[in-house]
>>> print(open('model_34.pdb').read())   # PDB, C-alpha atoms
ATOM      1  CA  MET A   1     -15.467 -80.413   5.067
ATOM      2  CA  ALA A   2     -11.778 -79.879   4.272
ATOM      3  CA  ALA A   3      -9.142 -81.920   6.082
ATOM      4  CA  THR A   4      -7.389 -80.719   9.196
ATOM      5  CA  ILE A   5      -3.826 -79.895   8.141
ATOM      6  CA  ILE A   6      -1.145 -81.397  10.374
ATOM      7  CA  ASP A   7       1.437 -78.784  11.351
ATOM      8  CA  GLY A   8       4.657 -80.777  11.402
ATOM      9  CA  ARG A   9       6.766 -77.753  12.247
ATOM     10  CA  ALA A  10       4.806 -76.993  15.417
ATOM     11  CA  ILE A  11       4.778 -80.623  16.558
ATOM     12  CA  ALA A  12       8.501 -80.973  15.827
ATOM     13  CA  ARG A  13       9.174 -77.895  17.946
ATOM     14  CA  GLN A  14       7.301 -79.490  20.858
ATOM     15  CA  VAL A  15       9.376 -82.671  20.491
ATOM     16  CA  ARG A  16      12.607 -80.692  20.328
ATOM     17  CA  ASP A  17      11.702 -78.638  23.391
ATOM     18  CA  GLN A  18      10.931 -81.828  25.323
ATOM     19  CA  VAL A  19      14.210 -83.419  24.200
ATOM     20  CA  ALA A  20      16.124 -80.328  25.349
ATOM     21  CA  ALA A  21      14.496 -80.566  28.782
ATOM     22  CA  ASP A  22      15.210 -84.295  28.972
ATOM     23  CA  VAL A  23      18.835 -83.806  27.887
ATOM     24  CA  ALA A  24      19.326 -81.241  30.644
ATOM     25  CA  ALA A  25      17.840 -83.646  33.204
ATOM     26  CA  PHE A  26      19.976 -86.554  31.909
ATOM     27  CA  THR A  27      23.142 -84.467  32.095
ATOM     28  CA  ALA A  28      22.317 -83.271  35.606
ATOM     29  CA  GLU A  29      21.708 -86.870  36.725
ATOM     30  CA  THR A  30      24.700 -88.536  35.068
ATOM     31  CA  GLY A  31      27.200 -85.757  34.412
ATOM     32  CA  VAL A  32      27.251 -86.907  30.779
ATOM     33  CA  VAL A  33      26.419 -84.702  27.795
ATOM     34  CA  PRO A  34      24.918 -86.770  24.928
ATOM     35  CA  GLY A  35      26.945 -86.323  21.741
ATOM     36  CA  LEU A  36      26.046 -86.751  18.082
ATOM     37  CA  ALA A  37      28.800 -87.390  15.533
ATOM     38  CA  THR A  38      27.634 -86.392  12.059
ATOM     39  CA  VAL A  39      29.953 -87.653   9.329
ATOM     40  CA  LEU A  40      29.893 -85.761   6.027
ATOM     41  CA  VAL A  41      32.005 -87.045   3.145
ATOM     42  CA  GLY A  42      32.612 -84.555   0.357
ATOM     43  CA  ASP A  43      30.928 -81.252  -0.430
ATOM     44  CA  ASP A  44      27.515 -82.120  -1.863
ATOM     45  CA  PRO A  45      25.533 -78.894  -1.311
ATOM     46  CA  ALA A  46      22.276 -80.575  -0.289
ATOM     47  CA  SER A  47      24.041 -82.902   2.146
ATOM     48  CA  ALA A  48      25.961 -79.964   3.609
ATOM     49  CA  VAL A  49      22.693 -78.118   4.286
ATOM     50  CA  TYR A  50      21.083 -81.193   5.855
ATOM     51  CA  VAL A  51      24.060 -81.751   8.144
ATOM     52  CA  ALA A  52      24.234 -78.083   9.108
ATOM     53  CA  ASN A  53      20.558 -78.190  10.119
ATOM     54  CA  LYS A  54      21.130 -81.306  12.212
ATOM     55  CA  ARG A  55      24.160 -79.812  13.921
ATOM     56  CA  ARG A  56      22.339 -76.597  14.732
ATOM     57  CA  ALA A  57      19.400 -78.526  16.184
ATOM     58  CA  CYS A  58      21.798 -80.560  18.356
ATOM     59  CA  VAL A  59      23.352 -77.459  19.855
ATOM     60  CA  GLU A  60      19.902 -75.987  20.570
ATOM     61  CA  ALA A  61      18.944 -79.189  22.420
ATOM     62  CA  GLY A  62      22.114 -79.278  24.535
ATOM     63  CA  ILE A  63      23.618 -82.196  22.602
ATOM     64  CA  ALA A  64      27.348 -82.048  21.868
ATOM     65  CA  ASP A  65      28.152 -81.447  18.186
ATOM     66  CA  LEU A  66      30.935 -83.909  17.308
ATOM     67  CA  HIS A  67      31.029 -83.363  13.555
ATOM     68  CA  ARG A  68      33.530 -84.990  11.177
ATOM     69  CA  HIS A  69      34.005 -83.680   7.624
ATOM     70  CA  LEU A  70      36.010 -85.870   5.252
ATOM     71  CA  LEU A  71      37.310 -85.001   1.800
ATOM     72  CA  ALA A  72      35.392 -86.295  -1.235
ATOM     73  CA  ASP A  73      38.340 -88.453  -2.368
ATOM     74  CA  VAL A  74      38.864 -90.079   1.040
ATOM     75  CA  ALA A  75      39.766 -93.762   0.888
ATOM     76  CA  GLN A  76      37.302 -96.379   2.093
ATOM     77  CA  GLU A  77      39.708 -97.572   4.788
ATOM     78  CA  ASP A  78      39.991 -94.053   6.176
ATOM     79  CA  VAL A  79      36.222 -93.744   6.547
ATOM     80  CA  VAL A  80      36.202 -97.171   8.194
ATOM     81  CA  ALA A  81      38.844 -95.991  10.653
ATOM     82  CA  GLN A  82      36.829 -92.862  11.469
ATOM     83  CA  LEU A  83      33.667 -94.881  12.160
ATOM     84  CA  GLN A  84      35.548 -97.380  14.310
ATOM     85  CA  GLU A  85      37.046 -94.522  16.290
ATOM     86  CA  LEU A  86      33.596 -93.012  16.860
ATOM     87  CA  ASN A  87      32.213 -96.408  17.902
ATOM     88  CA  ALA A  88      34.887 -96.609  20.594
ATOM     89  CA  ASP A  89      34.551 -93.016  21.817
ATOM     90  CA  PRO A  90      32.423 -92.856  25.017
ATOM     91  CA  GLN A  91      31.634 -89.192  24.331
ATOM     92  CA  VAL A  92      29.790 -90.204  21.154
ATOM     93  CA  SER A  93      26.220 -91.309  21.865
ATOM     94  CA  GLY A  94      25.082 -91.443  18.261
ATOM     95  CA  ILE A  95      26.670 -91.661  14.809
ATOM     96  CA  LEU A  96      25.025 -90.430  11.625
ATOM     97  CA  LEU A  97      26.726 -91.050   8.276
ATOM     98  CA  GLN A  98      25.169 -88.585   5.849
ATOM     99  CA  LEU A  99      24.017 -90.323   2.671
ATOM    100  CA  PRO A 100      24.699 -90.469  -0.203
ATOM    101  CA  VAL A 101      28.460 -90.832  -0.003
ATOM    102  CA  PRO A 102      30.763 -90.506  -3.057
ATOM    103  CA  ARG A 103      30.415 -93.371  -5.522
ATOM    104  CA  HIS A 104      33.815 -94.913  -4.855
ATOM    105  CA  LEU A 105      32.733 -95.722  -1.283
ATOM    106  CA  ASP A 106      30.648 -98.741  -0.258
ATOM    107  CA  ALA A 107      27.777 -97.081   1.615
ATOM    108  CA  ASN A 108      26.194-100.338   2.769
ATOM    109  CA  LEU A 109      29.436-101.584   4.285
ATOM    110  CA  LEU A 110      30.029 -98.259   6.033
ATOM    111  CA  VAL A 111      26.531 -98.125   7.516
ATOM    112  CA  GLU A 112      26.901-101.652   8.837
ATOM    113  CA  LEU A 113      30.099-100.656  10.652
ATOM    114  CA  ILE A 114      28.148 -98.278  12.896
ATOM    115  CA  SER A 115      27.491 -99.768  16.312
ATOM    116  CA  PRO A 116      23.751-100.609  16.569
ATOM    117  CA  ASP A 117      23.720 -98.896  19.964
ATOM    118  CA  LYS A 118      24.867 -95.664  18.263
ATOM    119  CA  ASP A 119      22.865 -96.108  15.054
ATOM    120  CA  VAL A 120      20.610 -93.068  15.468
ATOM    121  CA  ASP A 121      19.377 -93.404  11.868
ATOM    122  CA  GLY A 122      18.183 -96.951  12.618
ATOM    123  CA  LEU A 123      19.652 -98.238   9.339
ATOM    124  CA  THR A 124      21.871-101.167  10.332
ATOM    125  CA  ALA A 125      20.698-104.750   9.920
ATOM    126  CA  VAL A 126      20.760-105.186  13.705
ATOM    127  CA  SER A 127      18.544-102.126  14.189
ATOM    128  CA  ALA A 128      16.149-103.451  11.552
ATOM    129  CA  GLY A 129      16.081-106.839  13.297
ATOM    130  CA  ARG A 130      15.360-105.241  16.654
ATOM    131  CA  LEU A 131      12.487-103.331  15.073
ATOM    132  CA  VAL A 132      10.980-106.452  13.511
ATOM    133  CA  GLN A 133      11.301-108.400  16.762
ATOM    134  CA  GLY A 134       9.898-105.523  18.800
ATOM    135  CA  VAL A 135      12.861-105.410  21.179
ATOM    136  CA  PRO A 136      14.355-102.128  22.459
ATOM    137  CA  GLY A 137      16.552-100.302  19.996
ATOM    138  CA  LEU A 138      16.909 -97.221  17.829
ATOM    139  CA  ARG A 139      14.131 -96.741  15.282
ATOM    140  CA  PRO A 140      14.453 -94.890  11.945
ATOM    141  CA  CYS A 141      13.724 -91.200  12.393
ATOM    142  CA  THR A 142      11.252 -90.474   9.588
ATOM    143  CA  PRO A 143       8.975 -93.480  10.295
ATOM    144  CA  SER A 144       9.039 -92.612  13.995
ATOM    145  CA  GLY A 145       8.081 -89.063  13.064
ATOM    146  CA  VAL A 146       5.065 -90.369  11.147
ATOM    147  CA  ILE A 147       3.833 -92.214  14.238
ATOM    148  CA  GLU A 148       4.475 -89.125  16.375
ATOM    149  CA  LEU A 149       2.261 -87.017  14.092
ATOM    150  CA  LEU A 150      -0.544 -89.576  14.242
ATOM    151  CA  ASP A 151      -0.273 -89.834  18.022
ATOM    152  CA  HIS A 152      -0.334 -86.064  18.404
ATOM    153  CA  HIS A 153      -3.695 -86.005  16.645
ATOM    154  CA  GLU A 154      -4.882 -89.049  18.606
ATOM    155  CA  VAL A 155      -5.456 -91.133  15.481
ATOM    156  CA  PRO A 156      -6.604 -94.579  16.678
ATOM    157  CA  LEU A 157      -4.190 -97.176  15.321
ATOM    158  CA  GLU A 158      -5.299-100.330  17.115
ATOM    159  CA  GLY A 159      -7.530-102.257  14.751
ATOM    160  CA  ALA A 160      -7.226 -99.586  12.057
ATOM    161  CA  GLU A 161      -6.620-100.536   8.447
ATOM    162  CA  ALA A 162      -3.324 -98.908   7.442
ATOM    163  CA  VAL A 163      -1.922 -98.821   3.921
ATOM    164  CA  VAL A 164       1.699 -97.903   3.215
ATOM    165  CA  VAL A 165       2.549 -96.990  -0.373
ATOM    166  CA  GLY A 166       6.247 -97.717  -0.771
ATOM    167  CA  ARG A 167       8.485-100.517   0.475
ATOM    168  CA  SER A 168      11.854 -98.833   0.977
ATOM    169  CA  ASP A 169      14.178 -99.844   3.796
ATOM    170  CA  LEU A 170      14.274 -96.187   4.870
ATOM    171  CA  VAL A 171      10.548 -95.540   5.282
ATOM    172  CA  GLY A 172       8.061 -98.029   3.880
ATOM    173  CA  LYS A 173       9.142-101.205   5.652
ATOM    174  CA  PRO A 174       9.959 -99.646   9.047
ATOM    175  CA  VAL A 175       6.775 -97.554   9.215
ATOM    176  CA  ALA A 176       4.790-100.705   8.443
ATOM    177  CA  GLN A 177       6.506-102.454  11.361
ATOM    178  CA  LEU A 178       5.792 -99.556  13.699
ATOM    179  CA  LEU A 179       2.122 -99.644  12.695
ATOM    180  CA  LEU A 180       2.013-103.410  13.269
ATOM    181  CA  GLN A 181       3.413-102.893  16.756
ATOM    182  CA  ARG A 182       0.465-100.591  17.412
ATOM    183  CA  ASN A 183      -1.919-103.374  16.337
ATOM    184  CA  ALA A 184      -2.946-101.858  13.024
ATOM    185  CA  THR A 185      -3.748-104.149  10.100
ATOM    186  CA  VAL A 186      -1.107-103.194   7.540
ATOM    187  CA  THR A 187      -0.927-103.526   3.766
ATOM    188  CA  ILE A 188       2.216-102.512   1.863
ATOM    189  CA  CYS A 189       1.719-101.374  -1.731
ATOM    190  CA  HIS A 190       4.401-101.008  -4.392
ATOM    191  CA  SER A 191       4.971-100.781  -8.136
ATOM    192  CA  ARG A 192       3.466-104.235  -8.730
ATOM    193  CA  THR A 193       0.279-103.619  -6.750
ATOM    194  CA  ARG A 194      -2.822-104.134  -8.889
ATOM    195  CA  ASP A 195      -5.462-101.381  -8.807
ATOM    196  CA  LEU A 196      -3.567 -99.254  -6.305
ATOM    197  CA  ASN A 197      -6.433 -96.863  -5.665
ATOM    198  CA  ALA A 198      -8.777 -99.699  -4.744
ATOM    199  CA  VAL A 199      -6.328-100.775  -2.045
ATOM    200  CA  THR A 200      -5.584 -97.294  -0.704
ATOM    201  CA  ARG A 201      -9.306 -96.426  -0.521
ATOM    202  CA  ARG A 202      -9.659 -99.043   2.228
ATOM    203  CA  ALA A 203      -7.209 -97.243   4.477
ATOM    204  CA  ASP A 204      -8.169 -95.514   7.699
ATOM    205  CA  VAL A 205      -4.494 -94.453   7.795
ATOM    206  CA  LEU A 206      -2.685 -93.906   4.498
ATOM    207  CA  ILE A 207       1.099 -93.384   4.368
ATOM    208  CA  ALA A 208       2.533 -92.251   1.018
ATOM    209  CA  ALA A 209       6.273 -92.881   0.684
ATOM    210  CA  VAL A 210       6.970 -93.838  -2.903
ATOM    211  CA  GLY A 211       8.621 -90.789  -4.507
ATOM    212  CA  VAL A 212       6.168 -90.146  -7.338
ATOM    213  CA  PRO A 213       4.782 -86.596  -7.503
ATOM    214  CA  ARG A 214       1.036 -86.366  -6.778
ATOM    215  CA  LEU A 215       0.559 -90.095  -7.345
ATOM    216  CA  LEU A 216      -2.445 -90.312  -5.014
ATOM    217  CA  GLY A 217      -5.474 -88.178  -5.788
ATOM    218  CA  ALA A 218      -8.902 -87.803  -4.229
ATOM    219  CA  ASP A 219     -10.094 -91.118  -5.687
ATOM    220  CA  ALA A 220      -7.313 -92.923  -3.788
ATOM    221  CA  VAL A 221      -8.459 -91.777  -0.351
ATOM    222  CA  LYS A 222     -11.209 -92.995   1.943
ATOM    223  CA  PRO A 223     -13.351 -90.093   3.194
ATOM    224  CA  GLY A 224     -12.114 -89.007   6.615
ATOM    225  CA  ALA A 225      -8.825 -90.951   6.422
ATOM    226  CA  ALA A 226      -5.607 -89.759   8.045
ATOM    227  CA  VAL A 227      -3.134 -89.206   5.210
ATOM    228  CA  VAL A 228       0.582 -88.755   5.868
ATOM    229  CA  ASP A 229       2.664 -87.727   2.847
ATOM    230  CA  VAL A 230       6.347 -88.607   3.231
ATOM    231  CA  GLY A 231       7.215 -87.829  -0.390
ATOM    232  CA  ILE A 232       9.432 -84.869  -1.294
ATOM    233  CA  ASN A 233       9.616 -84.309  -5.048
ATOM    234  CA  ARG A 234      11.178 -81.337  -6.831
ATOM    235  CA  THR A 235       9.015 -80.170  -9.749
ATOM    236  CA  ASP A 236       8.554 -77.024 -11.819
ATOM    237  CA  ASP A 237       5.863 -76.089  -9.273
ATOM    238  CA  GLY A 238       8.340 -76.428  -6.395
ATOM    239  CA  LEU A 239       8.357 -79.141  -3.733
ATOM    240  CA  VAL A 240       5.355 -81.462  -3.857
ATOM    241  CA  GLY A 241       4.501 -84.721  -2.156
ATOM    242  CA  ASP A 242       3.276 -88.095  -3.347
ATOM    243  CA  VAL A 243      -0.264 -86.899  -2.599
ATOM    244  CA  ASP A 244      -2.216 -84.365  -4.662
ATOM    245  CA  PHE A 245      -2.641 -82.003  -1.736
ATOM    246  CA  ASP A 246      -5.358 -79.724  -3.127
ATOM    247  CA  ALA A 247      -7.531 -82.629  -4.262
ATOM    248  CA  VAL A 248      -7.034 -84.856  -1.223
ATOM    249  CA  ARG A 249      -7.656 -82.119   1.350
ATOM    250  CA  GLU A 250     -11.303 -82.137   0.242
ATOM    251  CA  VAL A 251     -11.642 -85.833   1.129
ATOM    252  CA  ALA A 252      -9.255 -86.682   3.975
ATOM    253  CA  GLY A 253      -9.836 -86.063   7.658
ATOM    254  CA  LEU A 254      -6.181 -85.307   8.411
ATOM    255  CA  LEU A 255      -3.450 -84.433   5.923
ATOM    256  CA  THR A 256       0.219 -83.461   6.091
ATOM    257  CA  PRO A 257       1.508 -80.726   3.778
ATOM    258  CA  VAL A 258       4.743 -80.828   1.779
ATOM    259  CA  PRO A 259       6.839 -79.085   2.907
ATOM    260  CA  GLY A 260       6.079 -78.593   6.593
ATOM    261  CA  GLY A 261       4.643 -81.987   7.450
ATOM    262  CA  VAL A 262       6.853 -85.021   8.020
ATOM    263  CA  GLY A 263      10.133 -83.301   7.131
ATOM    264  CA  PRO A 264      10.608 -81.294  10.346
ATOM    265  CA  MET A 265       9.899 -84.416  12.410
ATOM    266  CA  THR A 266      12.963 -86.229  11.087
ATOM    267  CA  ILE A 267      15.469 -83.977  12.846
ATOM    268  CA  ALA A 268      13.319 -83.859  15.984
ATOM    269  CA  LEU A 269      13.348 -87.661  16.205
ATOM    270  CA  LEU A 270      17.083 -87.717  15.465
ATOM    271  CA  LEU A 271      17.612 -85.641  18.611
ATOM    272  CA  ARG A 272      15.369 -87.961  20.606
ATOM    273  CA  ASN A 273      17.243 -91.000  19.275
ATOM    274  CA  THR A 274      20.557 -89.474  20.371
ATOM    275  CA  LEU A 275      19.215 -89.102  23.895
ATOM    276  CA  ILE A 276      17.768 -92.629  23.831
ATOM    277  CA  ALA A 277      21.168 -93.942  22.718
ATOM    278  CA  ALA A 278      22.905 -92.109  25.549
ATOM    279  CA  ARG A 279      20.463 -93.596  28.030
ATOM    280  CA  LEU A 280      20.827 -97.117  26.686
ATOM    281  CA  GLN A 281      24.625 -96.921  26.748
ATOM    282  CA  ARG A 282      24.567 -95.934  30.413
ATOM    283  CA  GLY A 283      21.740 -98.171  31.546
ATOM    284  CA  VAL A 284      19.491 -95.248  32.462
TER
END
>>> encode(input="model_34.pdb", output="structure tokens")
Amino acid sequence: MAATIIDGRAIARQVRDQVAADVAAFTAETGVVPGLATVLVGDDPASAVYVANKRRACVEAGIADLHRHLLADVAQEDVVAQLQELNADPQVSGILLQLPVPRHLDANLLVELISPDKDVDGLTAVSAGRLVQGVPGLRPCTPSGVIELLDHHEVPLEGAEAVVVGRSDLVGKPVAQLLLQRNATVTICHSRTRDLNAVTRRADVLIAAVGVPRLLGADAVKPGAAVVDVGINRTDDGLVGDVDFDAVREVAGLLTPVPGGVGPMTIALLLRNTLIAARLQRGV
């Protein structure tokens, strides 16, 4: 029997609708409108599209759009000053620095300047530490979206064997931590893993986040497993994931498509994080 295909767009819409309702209730209770400051440096076309989508989603959810657009040749100290200003602005609940930034800027330094309480991307060292320690804080959007998809389909995580392929700071490591917090037994695979397919075939829950087109085929998947494909790779065939979709759908129990799986969840969880940040900042 073919896998059930997870409709990330539909689930993301449910999350966004719930966030919009919660934002309205928060504003009615506190008189405060949550605000997201997106910071775009330069005119990279892909980044401009991503930011435009995020801004549009904010407005739809009732979140204030506090966008900043800086010239591509802006000096590092000017970006620093902008971020410090946003950190101090009580109207700004969350700050998102769109990456990548132009090469002459130190992206790591700039990210670390963002207040952890406004770090809606969950990328600062403090946010990462809060995640590892399991204390309240803002979690990275894409990994949180993965968990949301699994929860929507009531995938049992406690006691499950979960395998994450990829160890990036953006997805692999944080999604592994989120799975650990749900009492899954987690293995992280990477480029040095021996006999990758033998490891992934053990997984009740398989997360692919390595950036290699169609790396995982049918022989890499345990029959009936829940497979979440985070990969987005541009090929001559269009966008494809890290999973060979056509082959794996004949083996897996649940499977996300690319596009239309994890991708839409990222913006939905960004909106939720902005509301969470507003609540935390006001003790609600």
>>> atom_distance(input="model_34.pdb", atom1="CA of Ala277 in chain A", atom2="CA of Pro143 in chain A")
17.4 Å
>>> closest_residue(input="model_34.pdb", among="A:Asp121, A:Asp78, A:Asp7, A:Asp89", to="Ser144 in chain A", atoms="all atoms listed in the file")
A:Asp121
>>> resolve_selection(input="model_34.pdb", expression="the PyMOL selection byres ((chain A and resi 13) around 12)", output="PDB file with C-alpha atoms, in the frame of the given file")
ATOM      1  CA  ASP A   7       1.437 -78.784  11.351  1.00  0.00           C
ATOM      2  CA  GLY A   8       4.657 -80.777  11.402  1.00  0.00           C
ATOM      3  CA  ARG A   9       6.766 -77.753  12.247  1.00  0.00           C
ATOM      4  CA  ALA A  10       4.806 -76.993  15.417  1.00  0.00           C
ATOM      5  CA  ILE A  11       4.778 -80.623  16.558  1.00  0.00           C
ATOM      6  CA  ALA A  12       8.501 -80.973  15.827  1.00  0.00           C
ATOM      7  CA  GLN A  14       7.301 -79.490  20.858  1.00  0.00           C
ATOM      8  CA  VAL A  15       9.376 -82.671  20.491  1.00  0.00           C
ATOM      9  CA  ARG A  16      12.607 -80.692  20.328  1.00  0.00           C
ATOM     10  CA  ASP A  17      11.702 -78.638  23.391  1.00  0.00           C
ATOM     11  CA  GLN A  18      10.931 -81.828  25.323  1.00  0.00           C
ATOM     12  CA  VAL A  19      14.210 -83.419  24.200  1.00  0.00           C
ATOM     13  CA  ALA A  20      16.124 -80.328  25.349  1.00  0.00           C
ATOM     14  CA  ALA A  57      19.400 -78.526  16.184  1.00  0.00           C
ATOM     15  CA  GLU A  60      19.902 -75.987  20.570  1.00  0.00           C
ATOM     16  CA  ALA A  61      18.944 -79.189  22.420  1.00  0.00           C
ATOM     17  CA  GLY A 260       6.079 -78.593   6.593  1.00  0.00           C
ATOM     18  CA  PRO A 264      10.608 -81.294  10.346  1.00  0.00           C
ATOM     19  CA  MET A 265       9.899 -84.416  12.410  1.00  0.00           C
ATOM     20  CA  THR A 266      12.963 -86.229  11.087  1.00  0.00           C
ATOM     21  CA  ILE A 267      15.469 -83.977  12.846  1.00  0.00           C
ATOM     22  CA  ALA A 268      13.319 -83.859  15.984  1.00  0.00           C
ATOM     23  CA  LEU A 269      13.348 -87.661  16.205  1.00  0.00           C
ATOM     24  CA  LEU A 271      17.612 -85.641  18.611  1.00  0.00           C
TER      25      LEU A 271
END
>>> resolve_selection(input="model_34.pdb", expression="the PyMOL selection byres ((chain A and resi 147) around 12)", output="ChimeraX atom specification")
/A:8,11,139-146,148-157,162,171,174-182,184,205-207,226-228,230,262,265-266,269
>>> resolve_selection(input="model_34.pdb", expression="the PyMOL selection byres ((chain A and resi 245) around 9)", output="ChimeraX atom specification")
/A:214,216-218,240-244,246-250,255-258
>>> axis_aligned_box(input="model_34.pdb", around="range 161-165 of chain A", padding_each_side="8 Å", output="lines of an AutoDock Vina configuration file")
center_x = -2.0
center_y = -98.8
center_z = 4.0
size_x = 25.2
size_y = 19.5
size_z = 24.8
>>> closest_residue(input="model_34.pdb", among="A:Leu113, A:Leu123, A:Leu97, A:Ala208", to="Ala81 in chain A", atoms="all atoms listed in the file")
A:Leu113
>>> atom_distance(input="model_34.pdb", atom1="CA of Pro136 in chain A", atom2="CA of Phe26 in chain A")
19.1 Å
>>> residues_near_point(input="model_34.pdb", point="(-5.7, -105.0, 12.7)", cutoff="6 Å", atoms="all atoms listed in the file", output="list in words")
Gly159, Ala160, Asn183, Ala184 and Thr185 of chain A
>>> write_last_selection(input="model_34.pdb", atoms="C-alpha atoms", output="CSV table (one decimal), keeping the file's coordinate frame")
chain,number,residue,atom,x,y,z
A,159,GLY,CA,-7.5,-102.3,14.8
A,160,ALA,CA,-7.2,-99.6,12.1
A,183,ASN,CA,-1.9,-103.4,16.3
A,184,ALA,CA,-2.9,-101.9,13.0
A,185,THR,CA,-3.7,-104.1,10.1
>>> closest_residue(input="model_34.pdb", among="A:Ala107, A:Leu83, A:Leu280, A:Val164", to="Val39 in chain A", atoms="all atoms listed in the file")
A:Leu83
>>> closest_residue(input="model_34.pdb", among="A:Arg272, A:Gly137, A:Leu170, A:Leu70", to="Asp119 in chain A", atoms="all atoms listed in the file")
A:Gly137
>>> closest_residue(input="model_34.pdb", among="A:Arg234, A:His104, A:Arg202, A:Lys222", to="Glu161 in chain A", atoms="only C-alpha atoms")
A:Arg202
>>> residues_around(input="model_34.pdb", residues="Ala198 in chain A", least_positions_apart="5", cutoff="12 Å", atoms="all atoms listed in the file", output="list in words")
Val163, Cys189, Thr193, Ala203, Leu216, Ala218, Asp219, Ala220, Val221 and Lys222 of chain A
>>> atom_distance(input="model_34.pdb", atom1="CA of Ala48 in chain A", atom2="CA of Ile6 in chain A")
28.0 Å
>>> closest_residue(input="model_34.pdb", among="A:Gln133, A:Ser47, A:Asn233, A:Thr124", to="Val101 in chain A", atoms="only C-alpha atoms")
A:Ser47
